[in-house]
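Quick notes on the structure that follows.
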Amino acid sequence: MLTYISIIITAIFINNIVFSQFLGICPFLGVSKKTSSALGMGAAVTFVITLATVVCWLIQYFILEPLGITFLQTIIFILVIAFLVQMLELIMKKVTPALYQALGVFLPLITTNCAVLGVAILVVQKGFNLMESLTYGIATSIGFTLALWIFSGIREQLALQHAPKAMRGIPLALICAGILAMAFMGFSGIKIG
Amino acid sequence: MKKYWKIIYNGIIPSNPVFVLLLGMCATLGTTSSAINGLMMGVATAAVLICSNAVISMLKNVIPDKVRIPAFIVIIATFVTALQLLINAYMPALNASLGIFIPLIVVNCILLGRAEAFASKNGVLASLCDGLGTGIGFTFALTLLGATRELLGTGSLFGFSIYPEDYGMLVFVLAPGAFIALGYLIALVNKLRKNI
């Protein structure tokens with residue numbers, strides 16, 4: 001049990017995927033202008049990361065390793081993720097048209113979100129079992145959503161400020177992200193178990 | 001000939017992938033803790049970009065329009081896998097310091113972006129030049145950011161000591177420094193571009 005709690009706390013706060021591992025920066029900067037779209041993106045990414053982590057874990061240990069073709073890992077994983085995103089799009093279009101409309105723009109972008117491929121590869125590198133991988137996937141995406149949510153709140157306020165012309169937009173957002181990352185570094189002393 | 005120089009130049013300065021187009025941020029922030037790491041990551045990405053651009057422009061008439069994105073991703077992933085095996089075999093130290101960011105070249109937006117915007121519409125030689133120019137632009141940006149962080153953080157440049165390490169601000173080597181240094185560099189580039 002302690003292992004799972006440790007995985008969750010570590011993935012959300014101590015090794016936050018955005019602030020300390022630098023994965024998923026593109027959507028982090030791209031869709032963090034409004035809180036509502038940030039939460040929508042967070043939900044879509046959570047779904048894809050969770051599903052992709054489990055499917056990629058199964059493929060790694062039941063297909064790639066028995067056949068001795070682990071060098072194909074990168075190609076197979078990215079194809080699986082592209083396939084999952086496409087399928088998710090089709091299913092959501094049929095089953096929940098309202099949610100599909102709300103997420104519409106972000107869905108195809110998830111394929112090239114490096115957090116998804118990153119988590120799938122990290123899980124294999126860390127040698128987690130299936131349950132641990134599932135926990136790690138969910139916790140990481142909660143960490144991503146949290147980062148996106150906090151940051152979008154800050155950016156909504158930043159848009160109203162009078163900054164020097166050259167600093168407006170992305171430069172100021174990056175510097176704020178840096179200060180936020182410094183705050184998250186405060187968690188790094190925590191030890192569990 | 002002049003046309004090709006123009007394509008190369010365009011990738012390096014007027015549409016620099018990092019400072020102007022703001023693409024490939026994950027690799028930019030994650031691998032630039034020192035100048036040499038930034039340089040190596042830039043060269044690795046540039047190698048994949050040149051190869052994938054050339055192959056995609058050769059195959060652009062064969063690939064059906066509907067499945068072009070998955071086809072591009074498979075071509076890019078093939079070159080990344082080859083590069084990963086080469087680095088593993090000949091430069092294990094580099095493999096350890098860049099870590100997960102080597103397989104993640106696959107999802108670098110620059111590669112898919114150049115494939116979609118340039119290589120799928122232009123000839124082989126022009127696409128090669130575009131890959132070369134964008135690759136050099138990316139390498140330049142990563143090396144500059146890596147050098148800034150290394151100099152401010154540890155007081156050395158490419159491993160050579162410039163001022164005593166005790167005066168360095170360690171935060172620039174750690175995660176927050178990456179965001180802050182990149183933010184100021186982009187602001188500086190914005191300022192210079194608008195004055196010209």
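Simple scheme: letters A, B, ... for chains in structure tokens order, numbers from 1 for residues in each chain, numbers from 1 for ligands in the order shown.
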Distance table requested - chain A against chain B, cut-off 10 Å, only C-alpha atoms: one row per qualifying residue with the closest atom pair and its distance in Å to one decimal, ordered by chain and rising residue number, as a Markdown table.
```
| residue | atom | partner | partner_atom | distance |
| --- | --- | --- | --- | --- |
| A:Val18 | CA | B:Cys26 | CA | 9.1 |
| A:Phe19 | CA | B:Ala175 | CA | 6.8 |
| A:Ser20 | CA | B:Ala175 | CA | 5.6 |
| A:Gln21 | CA | B:Gly30 | CA | 7.0 |
| A:Phe22 | CA | B:Cys26 | CA | 5.4 |
| A:Leu23 | CA | B:Cys26 | CA | 5.6 |
| A:Gly24 | CA | B:Cys26 | CA | 6.7 |
| A:Ile25 | CA | B:Cys26 | CA | 5.5 |
| A:Cys26 | CA | B:Met25 | CA | 6.3 |
| A:Leu29 | CA | B:Met25 | CA | 9.2 |
| A:Gly30 | CA | B:Leu22 | CA | 10.0 |
| A:Phe71 | CA | B:Thr81 | CA | 7.3 |
| A:Leu72 | CA | B:Thr81 | CA | 7.3 |
| A:Gln73 | CA | B:Thr81 | CA | 8.5 |
| A:Thr74 | CA | B:Pro103 | CA | 6.4 |
| A:Ile75 | CA | B:Ala77 | CA | 5.3 |
| A:Ile76 | CA | B:Val74 | CA | 9.0 |
| A:Phe77 | CA | B:Ala77 | CA | 9.9 |
| A:Ile78 | CA | B:Ile73 | CA | 7.9 |
| A:Leu79 | CA | B:Pro70 | CA | 7.4 |
| A:Ala82 | CA | B:Pro70 | CA | 7.5 |
| A:Phe83 | CA | B:Pro70 | CA | 9.0 |
| A:Thr111 | CA | B:Val107 | CA | 8.0 |
| A:Thr112 | CA | B:Val107 | CA | 5.0 |
| A:Asn113 | CA | B:Val107 | CA | 6.8 |
| A:Cys114 | CA | B:Val107 | CA | 5.7 |
| A:Ala115 | CA | B:Leu104 | CA | 9.2 |
| A:Val116 | CA | B:Val107 | CA | 9.6 |
| A:Leu117 | CA | B:Leu104 | CA | 7.2 |
| A:Gly118 | CA | B:Leu104 | CA | 6.9 |
| A:Val119 | CA | B:Ile100 | CA | 9.9 |
| A:Ile121 | CA | B:Ile100 | CA | 7.7 |
| A:Leu122 | CA | B:Ile100 | CA | 7.6 |
| A:Gln125 | CA | B:Ile100 | CA | 9.2 |
| A:Pro164 | CA | B:Ala187 | CA | 9.4 |
| A:Lys165 | CA | B:Lys191 | CA | 8.1 |
| A:Ala166 | CA | B:Ala187 | CA | 5.1 |
| A:Met167 | CA | B:Ala187 | CA | 5.1 |
| A:Arg168 | CA | B:Ala187 | CA | 8.1 |
| A:Gly169 | CA | B:Ala187 | CA | 9.4 |
| A:Ile170 | CA | B:Gly183 | CA | 7.2 |
| A:Pro171 | CA | B:Gly183 | CA | 4.1 |
| A:Leu172 | CA | B:Gly183 | CA | 6.4 |
| A:Ala173 | CA | B:Gly183 | CA | 7.6 |
| A:Leu174 | CA | B:Gly183 | CA | 5.0 |
| A:Ile175 | CA | B:Ile180 | CA | 4.5 |
| A:Cys176 | CA | B:Ile180 | CA | 7.8 |
| A:Ala177 | CA | B:Phe179 | CA | 6.4 |
| A:Gly178 | CA | B:Pro176 | CA | 4.3 |
| A:Ile179 | CA | B:Pro176 | CA | 6.5 |
| A:Leu180 | CA | B:Pro176 | CA | 7.7 |
| A:Ala181 | CA | B:Pro176 | CA | 5.1 |
| A:Met182 | CA | B:Pro176 | CA | 5.4 |
| A:Ala183 | CA | B:Pro176 | CA | 9.0 |
| A:Phe184 | CA | B:Pro176 | CA | 9.2 |
| A:Met185 | CA | B:Pro176 | CA | 8.4 |
```
What does the distance from CA of Thr10 in chain A to CA of Thr145 in chain A come to in Å, to one decimal?
15.1 Å
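Proximity to Ser15 in chain B was assessed for B:Thr143, B:Ser161, B:Thr134, B:Asn122 counting only C-alpha atoms; the smallest distance is recorded for B:Thr134.
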12 Å contact set for range 33-40 of chain A, only C-alpha atoms, chain neighbours under 4 positions out, as a PDB file with N, CA and C atoms, in the first residue's frame:
```
ATOM      1  N   PRO A  27       1.436  21.701 -24.730  1.00  0.00           N
ATOM      2  CA  PRO A  27       0.064  22.035 -24.318  1.00  0.00           C
ATOM      3  C   PRO A  27       0.046  22.913 -23.082  1.00  0.00           C
ATOM      4  N   PHE A  28       1.085  22.784 -22.236  1.00  0.00           N
ATOM      5  CA  PHE A  28       1.163  23.595 -21.013  1.00  0.00           C
ATOM      6  C   PHE A  28       1.219  25.079 -21.370  1.00  0.00           C
ATOM      7  N   LEU A  29       1.971  25.425 -22.421  1.00  0.00           N
ATOM      8  CA  LEU A  29       2.028  26.824 -22.846  1.00  0.00           C
ATOM      9  C   LEU A  29       0.890  27.164 -23.794  1.00  0.00           C
ATOM     10  N   ALA A  44      -8.829  15.291 -20.936  1.00  0.00           N
ATOM     11  CA  ALA A  44      -8.542  14.475 -22.118  1.00  0.00           C
ATOM     12  C   ALA A  44      -7.196  13.780 -21.977  1.00  0.00           C
ATOM     13  N   VAL A  45      -6.182  14.518 -21.483  1.00  0.00           N
ATOM     14  CA  VAL A  45      -4.850  13.930 -21.332  1.00  0.00           C
ATOM     15  C   VAL A  45      -4.867  12.818 -20.290  1.00  0.00           C
ATOM     16  N   THR A  46      -5.607  13.034 -19.186  1.00  0.00           N
ATOM     17  CA  THR A  46      -5.708  12.006 -18.156  1.00  0.00           C
ATOM     18  C   THR A  46      -6.207  10.697 -18.753  1.00  0.00           C
ATOM     19  N   PHE A  47      -7.267  10.820 -19.554  1.00  0.00           N
ATOM     20  CA  PHE A  47      -7.851   9.622 -20.165  1.00  0.00           C
ATOM     21  C   PHE A  47      -6.841   8.916 -21.057  1.00  0.00           C
ATOM     22  N   LEU A  99     -19.335  16.413 -25.024  1.00  0.00           N
ATOM     23  CA  LEU A  99     -17.950  16.442 -24.557  1.00  0.00           C
ATOM     24  C   LEU A  99     -16.997  16.529 -25.740  1.00  0.00           C
ATOM     25  N   TYR A 100     -17.373  15.840 -26.847  1.00  0.00           N
ATOM     26  CA  TYR A 100     -16.530  15.882 -28.047  1.00  0.00           C
ATOM     27  C   TYR A 100     -16.407  17.302 -28.565  1.00  0.00           C
ATOM     28  N   GLN A 101     -17.548  18.002 -28.563  1.00  0.00           N
ATOM     29  CA  GLN A 101     -17.535  19.396 -29.010  1.00  0.00           C
ATOM     30  C   GLN A 101     -16.615  20.244 -28.144  1.00  0.00           C
ATOM     31  N   ALA A 102     -16.696  19.989 -26.808  1.00  0.00           N
ATOM     32  CA  ALA A 102     -15.922  20.807 -25.879  1.00  0.00           C
ATOM     33  C   ALA A 102     -14.418  20.556 -26.033  1.00  0.00           C
ATOM     34  N   LEU A 103     -14.052  19.291 -26.263  1.00  0.00           N
ATOM     35  CA  LEU A 103     -12.629  18.955 -26.336  1.00  0.00           C
ATOM     36  C   LEU A 103     -12.089  18.992 -27.751  1.00  0.00           C
ATOM     37  N   GLY A 104     -13.017  18.998 -28.721  1.00  0.00           N
ATOM     38  CA  GLY A 104     -12.701  18.875 -30.145  1.00  0.00           C
ATOM     39  C   GLY A 104     -11.298  19.247 -30.580  1.00  0.00           C
ATOM     40  N   VAL A 105     -10.914  20.491 -30.316  1.00  0.00           N
ATOM     41  CA  VAL A 105      -9.655  21.001 -30.835  1.00  0.00           C
ATOM     42  C   VAL A 105      -8.450  20.284 -30.217  1.00  0.00           C
ATOM     43  N   PHE A 106      -8.575  19.934 -28.924  1.00  0.00           N
ATOM     44  CA  PHE A 106      -7.396  19.421 -28.225  1.00  0.00           C
ATOM     45  C   PHE A 106      -7.119  17.962 -28.525  1.00  0.00           C
ATOM     46  N   LEU A 107      -8.171  17.216 -28.899  1.00  0.00           N
ATOM     47  CA  LEU A 107      -8.007  15.773 -29.009  1.00  0.00           C
ATOM     48  C   LEU A 107      -6.878  15.339 -29.944  1.00  0.00           C
ATOM     49  N   SER A 141      -0.960  12.164 -14.604  1.00  0.00           N
ATOM     50  CA  SER A 141      -1.865  13.046 -15.328  1.00  0.00           C
ATOM     51  C   SER A 141      -2.594  13.983 -14.382  1.00  0.00           C
ATOM     52  N   ILE A 142      -2.806  13.551 -13.114  1.00  0.00           N
ATOM     53  CA  ILE A 142      -3.374  14.491 -12.138  1.00  0.00           C
ATOM     54  C   ILE A 142      -2.375  15.633 -11.909  1.00  0.00           C
ATOM     55  N   PHE A 144      -0.224  16.743 -14.039  1.00  0.00           N
ATOM     56  CA  PHE A 144      -0.260  17.586 -15.241  1.00  0.00           C
ATOM     57  C   PHE A 144      -1.446  18.540 -15.186  1.00  0.00           C
ATOM     58  N   THR A 145      -2.639  17.977 -14.844  1.00  0.00           N
ATOM     59  CA  THR A 145      -3.845  18.800 -14.781  1.00  0.00           C
ATOM     60  C   THR A 145      -3.689  19.896 -13.725  1.00  0.00           C
ATOM     61  N   LEU A 146      -3.115  19.522 -12.573  1.00  0.00           N
ATOM     62  CA  LEU A 146      -2.905  20.487 -11.494  1.00  0.00           C
ATOM     63  C   LEU A 146      -2.016  21.631 -11.976  1.00  0.00           C
ATOM     64  N   ALA A 147      -0.903  21.289 -12.629  1.00  0.00           N
ATOM     65  CA  ALA A 147       0.029  22.310 -13.109  1.00  0.00           C
ATOM     66  C   ALA A 147      -0.664  23.229 -14.102  1.00  0.00           C
ATOM     67  N   LEU A 148      -1.426  22.626 -15.034  1.00  0.00           N
ATOM     68  CA  LEU A 148      -2.102  23.395 -16.074  1.00  0.00           C
ATOM     69  C   LEU A 148      -3.142  24.331 -15.472  1.00  0.00           C
ATOM     70  N   TRP A 149      -3.828  23.811 -14.438  1.00  0.00           N
ATOM     71  CA  TRP A 149      -4.911  24.568 -13.813  1.00  0.00           C
ATOM     72  C   TRP A 149      -4.367  25.778 -13.061  1.00  0.00           C
ATOM     73  N   ILE A 150      -3.336  25.562 -12.226  1.00  0.00           N
ATOM     74  CA  ILE A 150      -2.719  26.661 -11.472  1.00  0.00           C
ATOM     75  C   ILE A 150      -2.193  27.722 -12.440  1.00  0.00           C
ATOM     76  N   PHE A 151      -1.491  27.226 -13.483  1.00  0.00           N
ATOM     77  CA  PHE A 151      -0.829  28.130 -14.411  1.00  0.00           C
ATOM     78  C   PHE A 151      -1.830  28.959 -15.206  1.00  0.00           C
ATOM     79  N   SER A 152      -2.983  28.324 -15.586  1.00  0.00           N
ATOM     80  CA  SER A 152      -3.970  29.071 -16.364  1.00  0.00           C
ATOM     81  C   SER A 152      -4.580  30.180 -15.520  1.00  0.00           C
ATOM     82  N   GLY A 153      -4.742  29.922 -14.214  1.00  0.00           N
ATOM     83  CA  GLY A 153      -5.237  30.965 -13.313  1.00  0.00           C
ATOM     84  C   GLY A 153      -4.298  32.156 -13.282  1.00  0.00           C
ATOM     85  N   ILE A 154      -2.977  31.853 -13.212  1.00  0.00           N
ATOM     86  CA  ILE A 154      -1.983  32.935 -13.192  1.00  0.00           C
ATOM     87  C   ILE A 154      -2.009  33.703 -14.497  1.00  0.00           C
ATOM     88  N   ARG A 155      -2.123  32.969 -15.620  1.00  0.00           N
ATOM     89  CA  ARG A 155      -2.060  33.645 -16.918  1.00  0.00           C
ATOM     90  C   ARG A 155      -3.272  34.528 -17.170  1.00  0.00           C
ATOM     91  N   GLU A 156      -4.431  34.117 -16.636  1.00  0.00           N
ATOM     92  CA  GLU A 156      -5.618  34.969 -16.780  1.00  0.00           C
ATOM     93  C   GLU A 156      -5.366  36.327 -16.155  1.00  0.00           C
ATOM     94  N   GLN A 157      -4.671  36.340 -14.996  1.00  0.00           N
ATOM     95  CA  GLN A 157      -4.340  37.611 -14.336  1.00  0.00           C
ATOM     96  C   GLN A 157      -3.238  38.356 -15.085  1.00  0.00           C
ATOM     97  N   LEU A 158      -2.248  37.589 -15.587  1.00  0.00           N
ATOM     98  CA  LEU A 158      -1.107  38.204 -16.276  1.00  0.00           C
ATOM     99  C   LEU A 158      -1.543  38.990 -17.496  1.00  0.00           C
ATOM    100  N   ALA A 159      -2.597  38.487 -18.166  1.00  0.00           N
ATOM    101  CA  ALA A 159      -3.040  39.126 -19.406  1.00  0.00           C
ATOM    102  C   ALA A 159      -3.486  40.564 -19.164  1.00  0.00           C
ATOM    103  N   LEU A 160      -3.848  40.877 -17.897  1.00  0.00           N
ATOM    104  CA  LEU A 160      -4.349  42.220 -17.599  1.00  0.00           C
ATOM    105  C   LEU A 160      -3.239  43.195 -17.235  1.00  0.00           C
ATOM    106  N   GLY A 169       3.247  38.006 -23.234  1.00  0.00           N
ATOM    107  CA  GLY A 169       2.961  36.683 -23.802  1.00  0.00           C
ATOM    108  C   GLY A 169       3.865  35.613 -23.245  1.00  0.00           C
ATOM    109  N   ILE A 170       4.502  34.860 -24.157  1.00  0.00           N
ATOM    110  CA  ILE A 170       5.260  33.680 -23.753  1.00  0.00           C
ATOM    111  C   ILE A 170       6.424  33.987 -22.793  1.00  0.00           C
ATOM    112  N   ALA A 173       5.127  34.376 -19.381  1.00  0.00           N
ATOM    113  CA  ALA A 173       4.533  33.112 -18.944  1.00  0.00           C
ATOM    114  C   ALA A 173       5.626  32.141 -18.508  1.00  0.00           C
TER     115      ALA A 173
END
```
One decimal, Å: what's the distance from CA of Asn37 in chain B over to CA of Ala93 in chain B, could you say?
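These two atoms are separated by 10.8 Å.
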Just how far from CA of Cys129 in chain B is CA of Ile7 in chain B, in Å to one decimal?
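Distance reported for this atom pair: 6.3 Å.
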Between B:Leu49, B:Ala117, B:Leu142, B:Val173, which one has atoms that come closest to Ser156 in chain B, using only C-alpha atoms?
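The closest residue to Ser156 in chain B is B:Val173.
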Please, which residues of range 23-165 of chain B, numbered as in this document, come out alpha helix (DSSP H) from DSSP, as number ranges by chain?
B: 25-30, 35-59, 68-90, 92-98, 109-114, 124-154
What lies within 10 Å of Leu83 in chain B using only C-alpha atoms, ignoring chain neighbours under 6 positions off, as number ranges by chain?
B: 44-45, 47-48, 77, 89, 102-103
Residues flagged strand (DSSP E) by DSSP in range 2-168 of chain B, as number ranges by chain:
B: 156-157, 160-161
What's the 9 Å shell around Glu165 in chain B, counting only C-alpha atoms, without same-chain residues fewer than 5 positions away, as a list in words?
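Counting only C-alpha atoms, the residues come to Gly153, Thr154, Gly155 and Ser156 of chain B.
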For Phe140 in chain B, find every residue with an atom within 9 Å (counting only C-alpha atoms), except residues of its own chain fewer than 5 positions away, and show them as a PDB file with C-alpha atoms, in the first residue's frame.
```
ATOM      1  CA  ILE B  12      18.291  29.726 -38.657  1.00  0.00           C
ATOM      2  CA  GLY B  38      22.290  21.336 -25.534  1.00  0.00           C
ATOM      3  CA  LEU B  39      24.674  21.091 -28.474  1.00  0.00           C
ATOM      4  CA  GLY B  42      20.511  19.861 -31.151  1.00  0.00           C
ATOM      5  CA  GLY B 135      18.356  21.878 -37.523  1.00  0.00           C
ATOM      6  CA  LEU B 145      20.371  28.377 -23.694  1.00  0.00           C
TER       7      LEU B 145
END
```
